[in-house]
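Quick look at input-v1.cif (mmCIF, C-alpha atoms):
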data_model
#
loop_
_atom_site.group_PDB
_atom_site.id
_atom_site.type_symbol
_atom_site.label_atom_id
_atom_site.label_comp_id
_atom_site.auth_asym_id
_atom_site.auth_seq_id
_atom_site.Cartn_x
_atom_site.Cartn_y
_atom_site.Cartn_z
ATOM 1 C CA MET K 1 0.000 0.000 0.000
ATOM 2 C CA LEU K 2 1.351 3.405 -0.951
ATOM 3 C CA ARG K 3 1.090 6.267 1.500
ATOM 4 C CA ASN K 4 1.672 9.887 0.771
ATOM 5 C CA ALA K 5 3.600 12.254 3.057
ATOM 6 C CA SER K 6 0.504 13.630 4.763
ATOM 7 C CA LYS K 7 -0.739 10.114 5.600
ATOM 8 C CA ILE K 8 2.677 9.203 7.044
ATOM 9 C CA LYS K 9 2.674 12.381 9.162
ATOM 10 C CA GLU K 10 -0.866 11.675 10.329
ATOM 11 C CA ASP K 11 0.040 8.110 11.318
ATOM 12 C CA ARG K 12 3.094 9.331 13.238
ATOM 13 C CA ALA K 13 1.025 11.986 15.022
ATOM 14 C CA ILE K 14 -1.556 9.389 16.062
ATOM 15 C CA THR K 15 1.197 7.130 17.394
ATOM 16 C CA ILE K 16 2.694 9.994 19.411
ATOM 17 C CA LEU K 17 -0.722 11.015 20.735
ATOM 18 C CA ARG K 18 -1.577 7.487 21.826
ATOM 19 C CA SER K 19 1.784 7.059 23.529
ATOM 20 C CA ALA K 20 1.501 10.360 25.391
ATOM 21 C CA GLU K 21 -2.107 9.706 26.417
ATOM 22 C CA ARG K 22 -1.229 6.234 27.705
ATOM 23 C CA LEU K 23 1.688 7.596 29.734
ATOM 24 C CA TYR K 24 -0.430 10.407 31.229
ATOM 25 C CA ARG K 25 -3.181 7.924 32.120
ATOM 26 C CA ARG K 26 -0.693 5.608 33.811
ATOM 27 C CA LYS K 27 0.929 8.459 35.740
ATOM 28 C CA VAL K 28 -2.482 9.613 37.014
ATOM 29 C CA GLU K 29 -3.222 6.042 38.093
ATOM 30 C CA ASP K 30 0.198 5.790 39.771
ATOM 31 C CA ILE K 31 -0.406 8.975 41.759
ATOM 32 C CA GLN K 32 -3.793 7.651 42.910
ATOM 33 C CA ALA K 33 -2.140 4.393 43.984
ATOM 34 C CA GLU K 34 0.526 6.392 45.842
ATOM 35 C CA ILE K 35 -2.196 8.277 47.739
ATOM 36 C CA ASP K 36 -3.931 4.998 48.600
ATOM 37 C CA ASP K 37 -0.638 3.516 49.876
ATOM 38 C CA LEU K 38 0.091 6.594 51.986
ATOM 39 C CA GLU K 39 -3.390 6.439 53.497
ATOM 40 C CA THR K 40 -2.881 2.759 54.305
ATOM 41 C CA GLY K 41 0.443 3.579 55.974
ATOM 42 C CA ARG K 42 -1.116 6.371 57.988
ATOM 43 C CA GLN K 43 -3.953 4.109 59.135
ATOM 44 C CA ALA K 44 -1.492 1.333 59.986
ATOM 45 C CA GLN K 45 0.147 3.661 62.507
ATOM 46 C CA LEU K 46 -3.031 3.514 64.539
ATOM 47 C CA ASP K 47 -2.612 -0.234 65.029
ATOM 48 C CA LEU K 48 -0.887 -0.435 68.385
ATOM 49 C CA SER K 49 -0.773 -4.235 68.491
ATOM 50 C CA PRO K 50 2.893 -5.035 67.884
ATOM 51 C CA THR K 51 2.770 -8.823 68.124
ATOM 52 C CA ASP K 52 -0.835 -9.947 67.819
ATOM 53 C CA ILE K 53 -4.368 -8.642 68.153
ATOM 54 C CA ASN K 54 -4.448 -9.330 71.893
ATOM 55 C CA SER K 55 -1.410 -7.295 72.916
ATOM 56 C CA LEU K 56 -1.162 -3.530 72.977
ATOM 57 C CA VAL K 57 1.741 -1.133 73.199
ATOM 58 C CA LEU K 58 2.311 -0.102 76.763
ATOM 59 C CA ALA K 59 1.941 3.609 77.379
ATOM 60 C CA SER K 60 5.605 3.771 78.352
ATOM 61 C CA ASP K 61 6.635 2.181 75.034
ATOM 62 C CA PHE K 62 4.628 4.591 72.879
ATOM 63 C CA LYS K 63 6.782 7.334 71.383
ATOM 64 C CA SER K 64 4.546 10.362 70.858
ATOM 65 C CA GLU K 65 7.221 12.339 69.020
ATOM 66 C CA ASP K 66 7.893 9.474 66.577
ATOM 67 C CA PHE K 67 4.162 9.021 66.015
ATOM 68 C CA TYR K 68 3.725 12.728 65.298
ATOM 69 C CA GLU K 69 6.728 12.915 62.959
ATOM 70 C CA THR K 70 5.634 9.893 60.940
ATOM 71 C CA ASP K 71 1.990 10.978 60.854
ATOM 72 C CA MET K 72 2.880 14.477 59.657
ATOM 73 C CA LYS K 73 5.351 13.149 57.106
ATOM 74 C CA LEU K 74 2.674 10.871 55.625
ATOM 75 C CA THR K 75 0.027 13.599 55.807
ATOM 76 C CA LEU K 76 2.176 16.113 53.943
ATOM 77 C CA LYS K 77 3.187 13.524 51.335
ATOM 78 C CA MET K 78 -0.507 12.780 50.814
ATOM 79 C CA ARG K 79 -1.292 16.470 50.447
ATOM 80 C CA GLU K 80 1.448 16.925 47.861
ATOM 81 C CA ALA K 81 0.328 13.795 45.993
ATOM 82 C CA LYS K 82 -3.295 15.018 45.949
ATOM 83 C CA ILE K 83 -2.157 18.308 44.442
ATOM 84 C CA ARG K 84 -0.127 16.426 41.812
ATOM 85 C CA LEU K 85 -3.155 14.224 41.105
ATOM 86 C CA GLU K 86 -5.463 17.198 40.677
ATOM 87 C CA GLU K 87 -3.022 18.932 38.334
ATOM 88 C CA ALA K 88 -2.298 15.743 36.368
ATOM 89 C CA LYS K 89 -6.021 15.138 35.862
ATOM 90 C CA ALA K 90 -6.525 18.727 34.708
ATOM 91 C CA ARG K 91 -3.638 18.462 32.241
ATOM 92 C CA TYR K 92 -4.912 15.089 30.996
ATOM 93 C CA GLN K 93 -8.310 16.637 30.331
ATOM 94 C CA TYR K 94 -6.784 19.679 28.644
ATOM 95 C CA LEU K 95 -4.356 17.742 26.451
ATOM 96 C CA PHE K 96 -6.555 14.842 25.449
ATOM 97 C CA GLY K 97 -10.052 16.275 25.873
ATOM 98 C CA THR K 98 -11.480 12.977 27.018
ATOM 99 C CA ALA K 99 -12.860 11.675 30.255
ATOM 100 C CA GLN K 100 -10.316 11.088 32.975
ATOM 101 C CA PRO K 101 -8.874 7.605 33.370
ATOM 102 C CA VAL K 102 -11.353 5.229 34.975
ATOM 103 C CA GLU K 103 -9.012 4.142 37.807
ATOM 104 C CA ALA K 104 -8.212 7.741 38.743
ATOM 105 C CA THR K 105 -11.726 9.176 39.006
ATOM 106 C CA GLU K 106 -11.861 9.095 42.804
ATOM 107 C CA THR K 107 -12.411 12.440 44.401
ATOM 108 C CA ILE K 108 -9.507 14.511 45.532
ATOM 109 C CA SER K 109 -11.035 14.883 48.995
ATOM 110 C CA ASN K 110 -9.587 11.624 50.384
#

Written as structure tokens, how would this file's structure read?
Amino acid sequence: MLRNASKIKEDRAITILRSAERLYRRKVEDIQAEIDDLETGRQAQLDLSPTDINSLVLASDFKSEDFYETDMKLTLKMREAKIRLEEAKARYQYLFGTAQPVEATETISN
């Protein structure tokens, strides 16, 4: 099959568009997964059963400063990731003009 120059350029443009759209979609999904993992880590901090479900951390063993530092670190990472997610979704919509990726449609308010 013979293709003229404009058809070759069109085919290349479509290939580039598909590649860029796929990468943006995956990055949005990755950011959402990162937020989910951070939330899981933050919730896991609240589990004060170090060995099994029947034992609890003694009050003297609990390190308030460590808890605070870790909690704030995770909270701020989540905040930054939510901002990245919001901006990535907006850019995806602007660049590709289609609905946002299915896996990344959760609300930003997590």

Quiz item: Which residues fall under the PyMOL selection byres ((chain K and resi 79) around 12) in this file, as a ChimeraX atom specification?
Solution: /K:31-32,34-36,38-39,72-78,80-86,108-110

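Residues in contact range of region 5-21 of chain K, defined as at most 8 Å between all atoms listed in the file, with sequence neighbours fewer than 4 positions away removed, read Arg25, Tyr92 and Phe96 of chain K.
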
Quiz prompt | All residues 10 Å or closer to Leu46 (chain K), all atoms listed in the file, same chain fewer than 4 positions away omitted, as a list in words | solution =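 Listing them by chain and then by number gives Gly41, Arg42, Phe67 and Asp71 of chain K.
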
Self-check item: Distance in Å - CA of Ala88 (chain K) versus CA of Val28 (chain K)
Solution: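 Going from CA of Ala88 (chain K) over to CA of Val28 (chain K), I get 6.2 Å.
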
Quiz prompt | Point-to-point distance from CA of Ala44 (chain K) to CA of Arg26 (chain K), Å rounded to tenths | solution =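 About the pair CA of Ala44 (chain K) and CA of Arg26 (chain K): they are 26.5 Å apart.
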
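The space between CA of Gly97 (chain K) and CA of Glu29 (chain K) spans 17.3 Å.
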
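Using only C-alpha atoms, the shortest contact distance between Tyr68 (chain K) and any of K:Gln45, K:Arg22, K:Gln93, K:Asp37 is found at K:Gln45.
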
Region 10-25 of chain K: axis-aligned bounding box, 5 Å on each side, centre and edge lengths in Å, one decimal, as AutoDock Vina command-line options:
--center_x 0.0 --center_y 9.1 --center_z 21.2 --size_x 16.3 --size_y 15.8 --size_z 31.8

Since the input is missing atoms for region 19-42 of chain K, could you rebuild it with N, CA, C and O atoms and give the result as an mmCIF file, keeping the file's coordinate frame?
data_model
loop_
_atom_site.group_PDB
_atom_site.id
_atom_site.type_symbol
_atom_site.label_atom_id
_atom_site.label_comp_id
_atom_site.auth_asym_id
_atom_site.auth_seq_id
_atom_site.Cartn_x
_atom_site.Cartn_y
_atom_site.Cartn_z
ATOM 1 N N SER K 19 0.719 7.316 22.566
ATOM 2 C CA SER K 19 1.784 7.059 23.529
ATOM 3 C C SER K 19 1.732 8.056 24.677
ATOM 4 O O SER K 19 1.829 7.679 25.850
ATOM 5 N N ALA K 20 1.571 9.322 24.354
ATOM 6 C CA ALA K 20 1.501 10.360 25.391
ATOM 7 C C ALA K 20 0.266 10.183 26.264
ATOM 8 O O ALA K 20 0.343 10.297 27.498
ATOM 9 N N GLU K 21 -0.869 9.891 25.659
ATOM 10 C CA GLU K 21 -2.107 9.706 26.417
ATOM 11 C C GLU K 21 -1.985 8.517 27.364
ATOM 12 O O GLU K 21 -2.376 8.586 28.526
ATOM 13 N N ARG K 22 -1.401 7.436 26.877
ATOM 14 C CA ARG K 22 -1.229 6.234 27.705
ATOM 15 C C ARG K 22 -0.318 6.538 28.896
ATOM 16 O O ARG K 22 -0.611 6.157 30.025
ATOM 17 N N LEU K 23 0.779 7.263 28.644
ATOM 18 C CA LEU K 23 1.688 7.596 29.734
ATOM 19 C C LEU K 23 1.011 8.504 30.760
ATOM 20 O O LEU K 23 1.121 8.271 31.969
ATOM 21 N N TYR K 24 0.289 9.528 30.301
ATOM 22 C CA TYR K 24 -0.430 10.407 31.229
ATOM 23 C C TYR K 24 -1.430 9.615 32.057
ATOM 24 O O TYR K 24 -1.535 9.805 33.270
ATOM 25 N N ARG K 25 -2.180 8.726 31.410
ATOM 26 C CA ARG K 25 -3.181 7.924 32.120
ATOM 27 C C ARG K 25 -2.513 7.073 33.199
ATOM 28 O O ARG K 25 -2.975 7.007 34.339
ATOM 29 N N ARG K 26 -1.396 6.453 32.846
ATOM 30 C CA ARG K 26 -0.693 5.608 33.811
ATOM 31 C C ARG K 26 -0.139 6.428 34.974
ATOM 32 O O ARG K 26 -0.175 5.983 36.121
ATOM 33 N N LYS K 27 0.387 7.607 34.674
ATOM 34 C CA LYS K 27 0.929 8.459 35.740
ATOM 35 C C LYS K 27 -0.179 8.904 36.694
ATOM 36 O O LYS K 27 0.023 8.934 37.912
ATOM 37 N N VAL K 28 -1.341 9.244 36.165
ATOM 38 C CA VAL K 28 -2.482 9.613 37.014
ATOM 39 C C VAL K 28 -2.859 8.421 37.897
ATOM 40 O O VAL K 28 -3.085 8.573 39.104
ATOM 41 N N GLU K 29 -2.903 7.246 37.321
ATOM 42 C CA GLU K 29 -3.222 6.042 38.093
ATOM 43 C C GLU K 29 -2.159 5.772 39.157
ATOM 44 O O GLU K 29 -2.488 5.377 40.280
ATOM 45 N N ASP K 30 -0.887 5.993 38.816
ATOM 46 C CA ASP K 30 0.198 5.790 39.771
ATOM 47 C C ASP K 30 0.088 6.753 40.952
ATOM 48 O O ASP K 30 0.330 6.365 42.101
ATOM 49 N N ILE K 31 -0.259 7.999 40.674
ATOM 50 C CA ILE K 31 -0.406 8.975 41.759
ATOM 51 C C ILE K 31 -1.559 8.568 42.671
ATOM 52 O O ILE K 31 -1.451 8.655 43.893
ATOM 53 N N GLN K 32 -2.662 8.103 42.094
ATOM 54 C CA GLN K 32 -3.793 7.651 42.910
ATOM 55 C C GLN K 32 -3.383 6.468 43.774
ATOM 56 O O GLN K 32 -3.721 6.403 44.958
ATOM 57 N N ALA K 33 -2.618 5.543 43.213
ATOM 58 C CA ALA K 33 -2.140 4.393 43.984
ATOM 59 C C ALA K 33 -1.201 4.847 45.102
ATOM 60 O O ALA K 33 -1.241 4.303 46.217
ATOM 61 N N GLU K 34 -0.369 5.850 44.823
ATOM 62 C CA GLU K 34 0.526 6.392 45.842
ATOM 63 C C GLU K 34 -0.279 6.973 47.009
ATOM 64 O O GLU K 34 0.051 6.738 48.179
ATOM 65 N N ILE K 35 -1.338 7.703 46.696
ATOM 66 C CA ILE K 35 -2.196 8.277 47.739
ATOM 67 C C ILE K 35 -2.830 7.162 48.564
ATOM 68 O O ILE K 35 -2.864 7.226 49.798
ATOM 69 N N ASP K 36 -3.322 6.135 47.896
ATOM 70 C CA ASP K 36 -3.931 4.998 48.600
ATOM 71 C C ASP K 36 -2.918 4.327 49.534
ATOM 72 O O ASP K 36 -3.244 3.989 50.674
ATOM 73 N N ASP K 37 -1.681 4.145 49.060
ATOM 74 C CA ASP K 37 -0.638 3.516 49.876
ATOM 75 C C ASP K 37 -0.283 4.383 51.080
ATOM 76 O O ASP K 37 -0.074 3.865 52.187
ATOM 77 N N LEU K 38 -0.208 5.692 50.872
ATOM 78 C CA LEU K 38 0.091 6.594 51.986
ATOM 79 C C LEU K 38 -1.022 6.560 53.029
ATOM 80 O O LEU K 38 -0.755 6.561 54.236
ATOM 81 N N GLU K 39 -2.255 6.515 52.569
ATOM 82 C CA GLU K 39 -3.390 6.439 53.497
ATOM 83 C C GLU K 39 -3.349 5.131 54.287
ATOM 84 O O GLU K 39 -3.583 5.123 55.500
ATOM 85 N N THR K 40 -3.008 4.050 53.627
ATOM 86 C CA THR K 40 -2.881 2.759 54.305
ATOM 87 C C THR K 40 -1.781 2.820 55.359
ATOM 88 O O THR K 40 -1.960 2.331 56.484
ATOM 89 N N GLY K 41 -0.655 3.433 55.021
ATOM 90 C CA GLY K 41 0.443 3.579 55.974
ATOM 91 C C GLY K 41 0.059 4.429 57.163
ATOM 92 O O GLY K 41 0.417 4.119 58.307
ATOM 93 N N ARG K 42 -0.686 5.490 56.893
ATOM 94 C CA ARG K 42 -1.116 6.371 57.988
ATOM 95 C C ARG K 42 -2.092 5.643 58.913
ATOM 96 O O ARG K 42 -2.010 5.756 60.127
#
